[in-house]
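Novice: For reference, the file model_34.cif (mmCIF, C-alpha atoms) is included below:
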data_start
loop_
_atom_site.label_atom_id
_atom_site.label_comp_id
_atom_site.auth_asym_id
_atom_site.auth_seq_id
_atom_site.Cartn_x
_atom_site.Cartn_y
_atom_site.Cartn_z
CA MET L 1 12.40 -12.16 27.12
CA GLN L 2 14.85 -9.29 26.81
CA LEU L 3 13.51 -6.35 24.79
CA ALA L 4 15.79 -3.63 23.45
CA SER L 5 13.37 -0.71 23.12
CA ARG L 6 13.65 2.37 25.27
CA THR L 7 11.10 2.46 28.07
CA TYR L 8 9.05 5.28 29.55
CA ASP L 9 7.37 5.42 32.93
CA ALA L 10 3.83 6.77 32.91
CA ALA L 11 1.57 7.44 35.88
CA ASP L 12 -1.53 5.84 34.39
CA VAL L 13 -3.23 4.91 31.14
CA TRP L 14 -4.19 8.53 30.45
CA ALA L 15 -0.61 9.67 30.83
CA VAL L 16 0.36 6.98 28.31
CA GLN L 17 -2.13 8.38 25.80
CA GLU L 18 -0.73 11.90 26.14
CA LEU L 19 2.86 10.66 25.93
CA TYR L 20 2.19 8.81 22.67
CA HIS L 21 0.04 11.53 21.10
CA ALA L 22 2.54 14.23 22.03
CA ASN L 23 5.35 12.33 20.35
CA GLY L 24 3.39 11.77 17.13
CA TRP L 25 3.24 8.01 17.75
CA THR L 26 -0.48 7.50 17.11
CA ASP L 27 -3.05 7.81 14.33
CA GLY L 28 -5.05 10.21 16.50
CA LEU L 29 -7.03 7.49 18.27
CA PRO L 30 -6.25 6.08 21.72
CA ILE L 31 -3.74 3.23 21.79
CA VAL L 32 -3.29 0.16 23.94
CA PRO L 33 -0.19 0.72 26.13
CA PRO L 34 2.61 -1.53 24.83
CA THR L 35 4.21 -3.07 27.89
CA HIS L 36 6.96 -5.68 28.10
CA ASP L 37 4.51 -8.48 28.78
CA THR L 38 1.99 -7.69 26.06
CA VAL L 39 4.73 -7.29 23.43
CA ALA L 40 6.54 -10.43 24.58
CA ALA L 41 3.25 -12.35 24.32
CA CYS L 42 2.94 -11.38 20.64
CA LEU L 43 6.49 -12.49 19.93
CA ASP L 44 6.01 -15.74 21.85
CA TRP L 45 2.86 -16.55 19.93
CA ALA L 46 4.64 -16.04 16.60
CA MET L 47 7.77 -17.84 17.89
CA MET L 48 9.92 -14.84 17.04
CA GLU L 49 12.95 -13.42 18.75
CA PRO L 50 12.75 -9.68 19.38
CA ARG L 51 15.65 -9.01 17.00
CA GLN L 52 14.26 -11.18 14.22
CA LEU L 53 14.30 -9.27 10.97
CA ILE L 54 10.90 -8.90 9.33
CA GLY L 55 12.61 -7.26 6.38
CA ILE L 56 14.45 -4.18 5.15
CA GLU L 57 12.66 -1.29 3.49
CA PRO L 58 14.37 -1.29 0.10
CA VAL L 59 14.59 2.45 -0.61
CA ARG L 60 15.75 3.87 2.73
CA GLY L 61 17.43 0.71 3.98
CA VAL L 62 15.50 0.68 7.26
CA ALA L 63 15.47 -2.64 9.10
CA ILE L 64 12.15 -3.72 10.60
CA THR L 65 12.50 -5.96 13.65
CA ALA L 66 9.85 -8.21 15.15
CA GLU L 67 10.04 -6.30 18.45
CA LYS L 68 9.19 -2.93 16.90
CA LEU L 69 6.42 -4.43 14.79
CA ALA L 70 4.95 -6.17 17.84
CA ILE L 71 4.96 -2.92 19.85
CA ASN L 72 2.90 -1.24 17.14
CA ALA L 73 0.59 -4.24 16.84
CA VAL L 74 -0.16 -4.10 20.57
CA MET L 75 -0.81 -0.35 20.32
CA ALA L 76 -3.33 -1.05 17.54
CA GLY L 77 -5.23 -3.47 19.77
CA CYS L 78 -3.85 -6.72 18.39
CA LEU L 79 -3.95 -9.87 20.47
CA PRO L 80 -0.97 -12.23 20.16
CA MET L 81 -2.92 -14.39 17.69
CA HIS L 82 -3.20 -11.44 15.30
CA PHE L 83 0.54 -10.80 15.17
CA PRO L 84 1.52 -13.47 12.59
CA VAL L 85 -0.86 -11.80 10.13
CA VAL L 86 0.66 -8.37 10.75
CA SER L 87 4.12 -9.84 10.35
CA ALA L 88 3.27 -11.60 7.07
CA ALA L 89 1.61 -8.45 5.70
CA PHE L 90 4.67 -6.37 6.47
CA THR L 91 6.94 -8.96 4.90
CA ALA L 92 4.83 -8.72 1.75
CA MET L 93 4.91 -4.92 1.80
CA LEU L 94 8.72 -4.94 1.93
CA ARG L 95 9.06 -6.81 -1.36
CA GLU L 96 10.68 -4.58 -3.94
CA GLU L 97 7.78 -4.81 -6.40
CA PHE L 98 5.42 -3.35 -3.81
CA LEU L 99 7.34 -0.03 -3.85
CA LEU L 100 6.36 0.72 -0.26
CA HIS L 101 8.23 4.00 -0.04
CA GLY L 102 6.52 5.43 -3.12
CA ALA L 103 3.11 4.18 -2.07
CA THR L 104 3.38 5.64 1.42
CA ALA L 105 5.00 8.95 0.43
CA SER L 106 2.88 9.78 -2.63
CA THR L 107 0.49 12.70 -2.84
CA GLY L 108 -1.93 10.10 -4.26
CA GLY L 109 -2.95 9.15 -0.72
CA CYS L 110 -3.44 5.40 -1.04
CA ALA L 111 -3.63 2.99 1.89
CA ILE L 112 -2.41 -0.57 2.26
CA LEU L 113 -5.28 -3.00 1.70
CA VAL L 114 -4.71 -6.36 3.42
CA ILE L 115 -6.78 -9.32 2.18
CA LEU L 116 -6.86 -12.44 4.38
CA ASN L 117 -7.31 -16.02 3.21
CA GLY L 118 -7.17 -19.48 4.71
CA PRO L 119 -7.89 -21.15 8.06
CA ILE L 120 -6.37 -18.33 10.12
CA ARG L 121 -9.47 -16.21 9.41
CA ALA L 122 -11.59 -18.52 11.56
CA GLU L 123 -8.89 -18.89 14.21
CA ILE L 124 -8.69 -15.13 14.80
CA GLY L 125 -12.34 -14.29 14.11
CA ALA L 126 -11.75 -12.26 10.96
CA GLY L 127 -15.19 -11.79 9.45
CA GLY L 128 -15.81 -11.45 5.74
CA THR L 129 -19.57 -10.95 5.69
CA PHE L 130 -21.46 -7.96 7.16
CA ASN L 131 -19.49 -4.70 6.89
CA ALA L 132 -16.66 -6.55 5.19
CA LEU L 133 -14.98 -3.29 4.18
CA GLY L 134 -15.98 -1.48 7.34
CA ASN L 135 -16.04 -2.27 11.05
CA GLY L 136 -17.07 -5.87 10.55
CA SER L 137 -14.71 -7.57 12.98
CA ARG L 138 -12.17 -6.88 15.65
CA ALA L 139 -9.46 -8.88 13.90
CA THR L 140 -9.59 -7.02 10.61
CA ALA L 141 -9.87 -3.67 12.42
CA VAL L 142 -6.77 -4.12 14.55
CA ILE L 143 -4.64 -5.80 11.88
CA GLY L 144 -5.26 -2.96 9.45
CA ARG L 145 -4.56 -0.41 12.15
CA ALA L 146 -1.31 -2.14 13.12
CA ILE L 147 -0.06 -1.72 9.56
CA ARG L 148 -0.64 2.04 9.69
CA LEU L 149 0.85 2.54 13.16
CA ALA L 150 3.95 0.56 12.16
CA LEU L 151 4.36 2.73 9.06
CA ILE L 152 4.05 5.86 11.18
CA ASN L 153 6.45 4.79 13.88
CA ILE L 154 8.97 2.42 12.33
CA LEU L 155 9.24 4.04 8.89
CA GLU L 156 8.38 7.59 9.97
CA VAL L 157 5.49 7.77 7.50
CA ARG L 158 3.85 10.70 9.25
CA SER L 159 1.30 12.97 7.70
CA GLY L 160 3.07 16.01 6.28
CA GLY L 161 6.44 14.32 6.77
CA ILE L 162 7.24 11.37 4.55
CA ASP L 163 3.51 10.90 3.92
CA ARG L 164 2.67 13.68 1.46
CA SER L 165 -0.95 12.58 0.79
CA THR L 166 -3.14 15.37 -0.50
CA LEU L 167 -6.35 13.75 0.77
CA GLY L 168 -5.68 10.23 1.97
CA HIS L 169 -8.78 8.16 2.72
CA PRO L 170 -10.41 6.43 5.71
CA GLY L 171 -8.58 3.18 4.88
CA LYS L 172 -5.49 4.83 6.27
CA PHE L 173 -6.85 4.10 9.75
CA SER L 174 -7.42 0.44 8.91
CA TYR L 175 -7.91 -1.38 5.60
CA CYS L 176 -8.25 -5.11 5.99
CA VAL L 177 -10.79 -7.57 4.63
CA ALA L 178 -11.18 -11.31 5.10
CA GLU L 179 -12.47 -13.30 2.15
CA ASP L 180 -15.77 -15.09 2.81
CA GLU L 181 -14.49 -18.50 1.75
CA GLU L 182 -17.29 -20.38 3.52
CA ASN L 183 -20.09 -18.90 1.42
CA THR L 184 -18.66 -19.26 -2.05
CA THR L 185 -17.77 -21.96 -4.54
CA TRP L 186 -14.94 -19.81 -5.83
CA ASN L 187 -11.27 -20.41 -5.18
CA PRO L 188 -9.77 -18.21 -2.47
CA LEU L 189 -7.76 -15.26 -3.77
CA SER L 190 -4.58 -16.84 -2.39
CA VAL L 191 -5.17 -19.92 -4.57
CA GLN L 192 -5.84 -17.74 -7.61
CA ARG L 193 -2.49 -16.11 -6.78
CA GLY L 194 -0.66 -19.47 -6.80
CA LEU L 195 -0.63 -20.72 -3.20
CA PRO L 196 -1.87 -24.22 -2.32
CA PRO L 197 -5.41 -24.59 -0.94
CA GLY L 198 -5.60 -24.57 2.84
CA VAL L 199 -2.63 -22.25 3.33
CA SER L 200 -3.34 -19.07 5.25
CA ALA L 201 -2.14 -15.99 3.44
CA VAL L 202 -2.25 -12.23 3.13
CA THR L 203 -2.36 -10.24 -0.07
CA VAL L 204 -1.39 -6.58 0.11
CA LEU L 205 -2.35 -3.91 -2.38
CA ALA L 206 -1.51 -0.19 -2.41
CA ALA L 207 -5.05 0.98 -2.98
CA GLY L 208 -7.41 3.87 -3.24
CA ALA L 209 -10.71 3.94 -1.38
CA PRO L 210 -13.47 1.48 -2.34
CA ARG L 211 -15.95 2.73 -4.96
CA GLN L 212 -19.31 1.11 -4.32
CA ILE L 213 -21.61 -0.06 -7.11
CA MET L 214 -25.18 -1.37 -7.11
CA ASN L 215 -27.04 -3.58 -9.57
CA GLU L 216 -29.85 -5.70 -8.12
CA TRP L 217 -31.99 -5.70 -11.23
CA THR L 218 -30.46 -8.57 -13.17
CA ALA L 219 -29.17 -12.11 -12.69
CA LYS L 220 -27.11 -12.10 -15.88
CA PRO L 221 -23.35 -12.30 -15.24
CA GLU L 222 -22.53 -10.01 -18.15
CA GLU L 223 -24.83 -7.28 -16.85
CA ILE L 224 -23.68 -7.58 -13.25
CA LEU L 225 -20.05 -7.42 -14.27
CA GLU L 226 -20.68 -4.57 -16.68
CA THR L 227 -21.52 -2.44 -13.65
CA PHE L 228 -18.15 -3.26 -12.06
CA ALA L 229 -16.39 -2.59 -15.38
CA ALA L 230 -18.21 0.73 -15.76
CA GLU L 231 -16.96 1.85 -12.35
CA MET L 232 -13.43 0.88 -13.34
CA ARG L 233 -13.83 2.91 -16.53
CA ALA L 234 -15.03 5.84 -14.44
CA ASN L 235 -11.95 5.52 -12.25
CA MET L 236 -9.79 5.55 -15.38
CA ARG L 237 -11.44 8.74 -16.59
CA HIS L 238 -11.61 10.55 -13.29
CA TYR L 239 -8.52 9.32 -11.46
CA SER L 240 -5.86 7.35 -13.33
CA ILE L 241 -5.88 5.72 -16.74
CA TRP L 242 -2.88 3.49 -16.08
CA PRO L 243 -3.31 -0.28 -15.77
CA GLY L 244 -2.55 -2.21 -12.61
CA HIS L 245 -3.92 -4.49 -9.94
CA TYR L 246 -7.55 -3.65 -9.28
CA ALA L 247 -9.59 -5.53 -6.69
CA ILE L 248 -13.31 -6.12 -6.98
CA VAL L 249 -15.33 -7.15 -3.95
CA VAL L 250 -18.35 -9.29 -4.77
CA PRO L 251 -20.87 -9.92 -1.95
CA GLN L 252 -23.04 -12.99 -1.72
CA GLN L 253 -26.16 -11.81 -3.57
CA LEU L 254 -24.35 -10.93 -6.77
CA ARG L 255 -21.90 -13.79 -6.31
CA GLU L 256 -24.70 -16.34 -6.27
CA HIS L 257 -25.93 -15.20 -9.68
CA LEU L 258 -22.43 -15.52 -11.10
CA GLN L 259 -21.81 -18.90 -9.49
CA ALA L 260 -25.21 -20.26 -10.57
CA ALA L 261 -24.32 -19.41 -14.15
CA GLY L 262 -21.06 -21.32 -13.75
CA TRP L 263 -18.76 -18.32 -13.77
CA SER L 264 -15.46 -18.81 -11.93
CA LYS L 265 -13.14 -16.05 -10.75
CA THR L 266 -11.10 -16.67 -13.88
CA ASP L 267 -14.20 -16.12 -16.02
CA VAL L 268 -15.02 -12.93 -14.13
CA ALA L 269 -11.49 -11.61 -14.65
CA ALA L 270 -11.53 -12.46 -18.35
CA PHE L 271 -14.77 -10.52 -18.83
CA ILE L 272 -13.60 -7.50 -16.85
CA PHE L 273 -10.28 -7.49 -18.72
CA GLU L 274 -12.13 -7.05 -22.00
CA ARG L 275 -14.69 -4.53 -20.77
CA ALA L 276 -12.68 -2.21 -18.52
CA ARG L 277 -11.18 -0.11 -21.31
CA ILE L 278 -11.51 3.47 -22.43
CA HIS L 279 -10.37 5.68 -25.26
CA ARG L 280 -7.99 8.42 -24.26
CA ARG L 281 -10.41 10.95 -25.77
CA GLU L 282 -12.85 10.17 -22.92
CA TRP L 283 -10.57 12.23 -20.69
CA ALA L 284 -12.06 15.28 -22.39
CA ASP L 285 -15.50 14.34 -20.95
CA ALA L 286 -13.98 14.68 -17.48
CA GLY L 287 -12.31 18.02 -18.04
CA LYS L 288 -8.91 16.57 -18.95
CA GLY L 289 -8.95 17.49 -22.62
CA ALA L 290 -5.57 19.18 -22.26
CA VAL L 291 -3.77 15.85 -22.04
CA VAL L 292 -5.63 13.96 -24.77
CA ARG L 293 -3.33 15.47 -27.42
CA ASP L 294 -3.21 13.50 -30.68
CA ARG L 295 -3.83 10.15 -29.02
CA GLY L 296 -7.59 10.33 -28.60
CA ASP L 297 -8.20 7.05 -30.43
CA THR L 298 -5.73 5.09 -28.31
CA VAL L 299 -7.45 2.45 -26.19
CA TYR L 300 -6.30 1.89 -22.60
CA ALA L 301 -7.13 -1.21 -20.55
CA ALA L 302 -7.52 -1.15 -16.76
CA LEU L 303 -5.64 -4.44 -16.52
CA GLU L 304 -2.50 -5.54 -18.33
CA SER L 305 -3.77 -9.11 -18.12
CA PRO L 306 -6.82 -10.79 -16.56
CA ASP L 307 -4.80 -12.12 -13.63
CA GLN L 308 -4.20 -8.56 -12.44
CA LEU L 309 -7.80 -8.51 -11.20
CA LEU L 310 -8.08 -9.54 -7.55
CA VAL L 311 -11.58 -10.99 -7.21
CA VAL L 312 -12.60 -11.06 -3.54
CA ALA L 313 -15.73 -12.77 -2.22
CA ALA L 314 -16.82 -10.69 0.75
CA GLY L 315 -19.80 -8.80 2.13
CA GLY L 316 -23.11 -9.37 3.86
CA PRO L 317 -25.63 -11.86 2.51
CA ALA L 318 -28.18 -9.37 1.19
CA GLY L 319 -27.89 -6.46 -1.18
CA GLY L 320 -26.96 -6.12 -4.81
CA PHE L 321 -23.85 -4.15 -3.99
CA GLY L 322 -20.21 -4.54 -4.78
CA ALA L 323 -17.07 -2.47 -4.90
CA ILE L 324 -14.07 -1.84 -7.01
CA ILE L 325 -10.82 -0.94 -5.29
CA PRO L 326 -8.43 0.85 -7.61
CA PRO L 327 -4.66 0.69 -7.48
CA TRP L 328 -2.70 3.64 -6.09
CA LEU L 329 -1.19 4.35 -9.49
CA GLY L 330 -1.23 1.78 -12.26
CA HIS L 331 1.42 -0.88 -11.93
CA LYS L 332 3.97 1.23 -10.06
CA SER L 333 3.13 -0.91 -7.06
CA ARG L 334 2.21 -4.55 -7.55
CA ALA L 335 0.05 -6.69 -5.28
CA VAL L 336 2.01 -9.22 -3.24
CA THR L 337 0.72 -12.44 -1.67
CA GLU L 338 2.53 -13.97 1.29
CA PRO L 339 1.77 -17.21 3.13
CA ILE L 340 1.41 -16.98 6.89
CA GLY L 341 3.66 -19.10 9.06
CA VAL L 342 4.85 -21.44 6.33
CA CYS L 343 7.25 -21.35 3.45
CA VAL L 344 5.59 -22.92 0.45
CA ASP L 345 8.52 -22.62 -1.91
CA CYS L 346 11.44 -23.37 0.40
CA GLU L 347 13.94 -26.06 -0.53
CA PRO L 348 13.38 -29.23 1.53
CA PRO L 349 16.18 -29.91 4.02
CA LYS L 350 19.00 -32.01 2.64
CA ALA L 351 19.09 -35.54 4.00
CA MET D 352 -1.29 -1.56 34.54
CA ASP D 353 2.48 -1.86 34.19
CA PRO D 354 3.46 1.82 34.10
CA ARG D 355 6.49 1.11 31.94
CA VAL D 356 5.75 1.34 28.22
CA LEU D 357 7.90 0.81 25.13
CA ASP D 358 9.13 3.15 22.42
CA PRO D 359 7.36 2.25 19.14
CA THR D 360 9.80 4.09 16.86
CA ASN D 361 12.76 2.74 14.99
CA GLU D 362 15.47 3.87 17.36
CA ALA D 363 18.07 2.31 15.07
CA ILE D 364 17.04 4.31 12.04
CA PRO D 365 20.13 5.16 9.99
CA PRO D 366 21.18 8.81 9.67
CA LEU D 367 20.20 10.49 6.42
CA GLY D 368 23.76 11.76 5.81
CA GLU D 369 25.35 15.17 5.81
CA PRO D 370 24.45 17.88 3.30
CA ALA D 371 27.27 18.73 0.91
CA PRO D 372 29.02 22.07 1.46
CA ARG D 373 27.43 24.95 -0.41
CA LEU D 374 29.18 26.25 -3.52
CA ALA D 375 30.70 29.73 -3.25
CA SER D 376 29.51 30.49 -6.78
CA LEU D 377 27.65 28.79 -9.59
CA ALA D 378 29.76 30.46 -12.27
CA GLY D 379 31.33 27.93 -14.60
CA LYS D 380 29.79 25.00 -12.76
CA THR D 381 27.90 21.99 -14.02
CA VAL D 382 24.40 21.58 -12.57
CA GLY D 383 22.36 18.40 -12.90
CA PHE D 384 18.57 18.24 -12.85
CA ILE D 385 16.93 14.97 -11.85
CA SER D 386 13.35 15.22 -13.00
CA ASN D 387 10.65 12.83 -11.90
CA GLY D 388 9.12 13.22 -15.36
CA LYS D 389 5.79 14.70 -14.28
CA GLU D 390 4.06 17.23 -16.49
CA GLY D 391 4.84 20.16 -14.21
CA THR D 392 8.58 19.58 -14.35
CA LYS D 393 8.95 20.66 -17.97
CA GLY D 394 8.21 24.33 -17.53
CA PHE D 395 9.92 24.50 -14.15
CA PHE D 396 13.22 23.01 -15.25
CA ALA D 397 13.23 24.90 -18.56
CA HIS D 398 12.88 28.15 -16.65
CA LEU D 399 15.49 27.16 -14.08
CA ASP D 400 17.90 26.16 -16.86
CA ARG D 401 17.67 29.64 -18.43
CA MET D 402 17.97 31.34 -15.04
CA LEU D 403 21.06 29.41 -14.03
CA ARG D 404 22.84 30.07 -17.32
CA ASP D 405 21.78 33.71 -17.83
CA GLU D 406 21.84 35.01 -14.28
CA PHE D 407 24.35 32.82 -12.50
CA GLY D 408 26.84 31.94 -15.26
CA VAL D 409 26.36 28.19 -14.99
CA ALA D 410 28.45 26.53 -17.70
CA SER D 411 26.41 23.43 -18.24
CA VAL D 412 23.01 22.03 -17.26
CA ILE D 413 22.39 18.32 -17.57
CA THR D 414 18.83 17.00 -17.33
CA ARG D 415 18.02 13.42 -16.50
CA VAL D 416 14.51 11.95 -16.12
CA LYS D 417 13.73 9.08 -13.76
CA SER D 418 12.09 6.03 -15.31
CA ASN D 419 9.57 5.83 -12.44
CA TYR D 420 8.55 9.03 -10.72
CA SER D 421 7.64 7.29 -7.48
CA ALA D 422 10.88 5.34 -7.14
CA PRO D 423 14.44 6.45 -6.40
CA ALA D 424 16.58 7.69 -9.30
CA ASP D 425 17.89 4.96 -11.59
CA GLN D 426 21.40 3.74 -10.80
CA HIS D 427 22.87 5.13 -14.03
CA ILE D 428 21.61 8.59 -13.05
CA VAL D 429 22.99 8.28 -9.52
CA ALA D 430 26.35 7.26 -11.00
CA GLU D 431 26.48 10.50 -12.98
CA ILE D 432 26.04 12.75 -9.96
CA ALA D 433 29.72 12.54 -8.99
CA GLY D 434 30.54 14.47 -12.18
CA TRP D 435 28.25 17.41 -11.32
CA ASP D 436 28.94 20.35 -9.03
CA ALA D 437 25.31 20.66 -7.88
CA VAL D 438 22.05 18.81 -8.37
CA VAL D 439 18.39 19.86 -8.25
CA THR D 440 15.77 17.22 -7.57
CA GLY D 441 12.60 16.59 -5.59
CA ILE D 442 10.50 18.90 -7.75
CA GLY D 443 7.44 17.56 -9.48
CA ASP D 444 3.89 18.16 -8.40
#
Would you encode the structure as structure tokens?
Specialist:
Amino acid sequence: MQLASRTYDAADVWAVQELYHANGWTDGLPIVPPTHDTVAACLDWAMMEPRQLIGIEPVRGVAITAEKLAINAVMAGCLPMHFPVVSAAFTAMLREEFLLHGATASTGGCAILVILNGPIRAEIGAGGTFNALGNGSRATAVIGRAIRLALINILEVRSGGIDRSTLGHPGKFSYCVAEDEENTTWNPLSVQRGLPPGVSAVTVLAAGAPRQIMNEWTAKPEEILETFAAEMRANMRHYSIWPGHYAIVVPQQLREHLQAAGWSKTDVAAFIFERARIHRREWADAGKGAVVRDRGDTVYAALESPDQLLVVAAGGPAGGFGAIIPPWLGHKSRAVTEPIGVCVDCEPPKA
Amino acid sequence: MDPRVLDPTNEAIPPLGEPAPRLASLAGKTVGFISNGKEGTKGFFAHLDRMLRDEFGVASVITRVKSNYSAPADQHIVAEIAGWDAVVTGIGD
């Protein structure tokens, strides 16, 4: 396989590390040296030519090729079998409604959350149980990291350069979660988002850091979900009042109470849609009285519609915990779901 | 280990373009402001408007506000730029 990228000769693996760090090509952690063979193996696995276009970044008009994406995936620690997920996630991020440039340049400091669904999770060992939002599995760790390294190197989203984040958050190293489809009666997120069952998919969301909640003192769905809604209301008061795609992560212990009571993801979203609302005057309680003005009685909802809530079943089996994951900034960026390795809405070939 | 490693950057990244030549004077010129619409822009651009007119003799200041402060300027705003002698943008936070 003929690759087009410039090559560098390095004496050993340590020299590679210094070369890449010195050029600003890393996230600060050591990288796996991207050689011809390891990059070609990724492309072979995904059946992609090096020059295949993953997409074009809509604001700056930068073309993303499979070769460059594969180089960054190898650096992140990806095996060839992880590369189709990285490729699908990047395709999703390049959709206009995702507003990738704004999300990656903003002072708001969001990261790209990648949510995995479908059979590919088992094939690549992407775990959705213990430490689902942390260091739970190699697959989720390296896929999330590949997204960040590709942003840094292919789109020049470097800290202090295009990336103007005031704080950022740890998800900017890696932010990927696999849904625990095996331990739930709920539909996978990808199905809720309109894809057929059994299709592997990624959903990407420009997202703030997870905000953890705890309520292990009730089995009532309304009370459990009120805790999630309260955290969303807190986010609206303390961070941003604007509505958009929120994700909530519901681990098994709380999920079982909801499922036993017959609550589906749609029911959960309908409840949260009604409860995650605040009056603008509540800003004054958080020191933001200056911008309440004469609209204190106006009610703001966290979601424009119930289907903006991304309900994700993930987390270890024990513990009455959960998390809300807020959007970067309202609906300026919209979540995008992309199937992996198939086209579910393509026209059939003409006979 | 294969000692030959690959460049991870976008070597084909398009050039950002050339900056326009500087104006010899602002006197009598038309200056456009493209605001991102954030709260902090109001005072800044109001002050700059007065300064340009009073101290530099600018003839006309045109202010346009983007519909989305995180996205590029709307096409109708971009289309207006050709009619201005200078433009101020990128100010917000």
Novice: Kindly assemble as JSON lines a list of the chain D residues that lie within 6 Å of chain L, each paired with its nearest atom pair and their distance in Å to one decimal, using only C-alpha atoms, sorted first by chain and then by ascending residue number.
Specialist:
{"residue": "D:Pro354", "atom": "CA", "partner": "L:Ala10", "partner_atom": "CA", "distance": 5.1}
{"residue": "D:Arg355", "atom": "CA", "partner": "L:Asp9", "partner_atom": "CA", "distance": 4.5}
{"residue": "D:Val356", "atom": "CA", "partner": "L:Thr35", "partner_atom": "CA", "distance": 4.7}
{"residue": "D:Leu357", "atom": "CA", "partner": "L:Thr7", "partner_atom": "CA", "distance": 4.6}
{"residue": "D:Asp358", "atom": "CA", "partner": "L:Arg6", "partner_atom": "CA", "distance": 5.4}
{"residue": "D:Pro359", "atom": "CA", "partner": "L:Ile71", "partner_atom": "CA", "distance": 5.7}
{"residue": "D:Thr360", "atom": "CA", "partner": "L:Asn153", "partner_atom": "CA", "distance": 4.5}
{"residue": "D:Asn361", "atom": "CA", "partner": "L:Ile154", "partner_atom": "CA", "distance": 4.6}
{"residue": "D:Ser421", "atom": "CA", "partner": "L:Gly102", "partner_atom": "CA", "distance": 4.9}
{"residue": "D:Ala422", "atom": "CA", "partner": "L:Gly102", "partner_atom": "CA", "distance": 5.9}
Novice: Please, could you write that set of residues out with C-alpha atoms as a PDB file, in the frame of the given file?
Specialist:
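Written file, again39.pdb:
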ATOM      1  CA  PRO D 354       3.460   1.820  34.100  1.00  0.00           C
ATOM      2  CA  ARG D 355       6.490   1.110  31.940  1.00  0.00           C
ATOM      3  CA  VAL D 356       5.750   1.340  28.220  1.00  0.00           C
ATOM      4  CA  LEU D 357       7.900   0.810  25.130  1.00  0.00           C
ATOM      5  CA  ASP D 358       9.130   3.150  22.420  1.00  0.00           C
ATOM      6  CA  PRO D 359       7.360   2.250  19.140  1.00  0.00           C
ATOM      7  CA  THR D 360       9.800   4.090  16.860  1.00  0.00           C
ATOM      8  CA  ASN D 361      12.760   2.740  14.990  1.00  0.00           C
ATOM      9  CA  SER D 421       7.640   7.290  -7.480  1.00  0.00           C
ATOM     10  CA  ALA D 422      10.880   5.340  -7.140  1.00  0.00           C
TER      11      ALA D 422
END
Novice: Residues within 12 Å of Asn187 in chain L, please, as a list in words. Count only C-alpha atoms; anything in the same chain fewer than 5 positions from it doesn't count.
Specialist: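 The contact residues come out as Asn117, Gly118, Glu179, Asp180, Glu181, Glu182, Gln192, Arg193, Gly194, Leu195, Pro196, Pro197, Gly198, Gln259, Trp263, Ser264, Lys265, Thr266, Leu310, Val311, Val312 and Ala313 of chain L.
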Novice: Please identify all polymer residues within 8 Å of Val409 in chain D, counting all atoms listed in the file, omitting same-chain residues fewer than 6 positions from it, and present them as a list in words.
Specialist: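 Within the cut-off, the hits are Leu377, Ala378, Gly379, Lys380, Thr381, Val382 and Leu403 of chain D.
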Novice: Would you work out the distance separating CA of Ile213 in chain L from CA of Cys176 in chain L, expressed in Å to one decimal?
Specialist: 19.4 Å
Novice: List as a list in words: which residues have an atom within 8 Å of (0.3, 6.2, 0.7), counting all atoms listed in the file?
Specialist: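 Applying the cut-off with all atoms listed in the file, one gets Gly102, Ala103, Thr104, Ala105, Ser106, Thr107, Gly108, Gly109, Cys110, Ala111, Ile112, Asp163, Arg164, Ser165, Gly168, Ala206 and Trp328 of chain L.
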Novice: Would you work out the distance separating CA of Arg334 in chain L from CA of Trp242 in chain L, expressed in Å to one decimal?
Specialist: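 Separation of CA of Arg334 in chain L and CA of Trp242 in chain L: 12.8 Å.
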Novice: So what does the PyMOL selection byres ((chain D and resi 399) around 12) actually pick up in this one, as a ChimeraX atom specification?
Specialist: /D:382-384,392-398,400-407,409,412-414,439-440,442
Novice: Taking every listed atom of range 368-372 of chain D and adding 3 Å to each side, what centre and edge lengths in Å (one decimal) does the axis-aligned box have, as JSON?
Specialist:
{"center_x": 26.4, "center_y": 16.9, "center_z": 3.4, "size_x": 11.3, "size_y": 16.3, "size_z": 10.9}
Novice: What does the distance between CA of Gln426 in chain D and CA of Gly391 in chain D come to in Å, to one decimal place?
Specialist: 23.6 Å
Novice: Show me, as a ChimeraX atom specification, the residues that have an atom within 9 Å of Tyr420 in chain D when counting all atoms listed in the file, minus same-chain residues fewer than 5 positions from it.
Specialist: /L:102 /D:386-389,443
Novice: Write a file of the selected residues as a tab-separated table (two decimals), in the frame of the given file, keeping C-alpha atoms.
Specialist:
chain	number	residue	atom	x	y	z
L	102	GLY	CA	6.52	5.43	-3.12
D	386	SER	CA	13.35	15.22	-13.00
D	387	ASN	CA	10.65	12.83	-11.90
D	388	GLY	CA	9.12	13.22	-15.36
D	389	LYS	CA	5.79	14.70	-14.28
D	443	GLY	CA	7.44	17.56	-9.48
Novice: Step by step, work through what the PyMOL selection byres ((chain L and resi 337) around 8) selects in the shown file, and finish by giving those residues as a PyMOL selection string.
Specialist: chain L and resi 92+190+193+201-204+335-336+338-339
Novice: Of the candidates L:Gly24, L:Pro119, L:Gly144, L:Gly134, which one gets nearest to Pro188 in chain L if we count all atoms listed in the file?
Specialist: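 Of the candidates, the smallest distance to Pro188 in chain L is held by L:Pro119.
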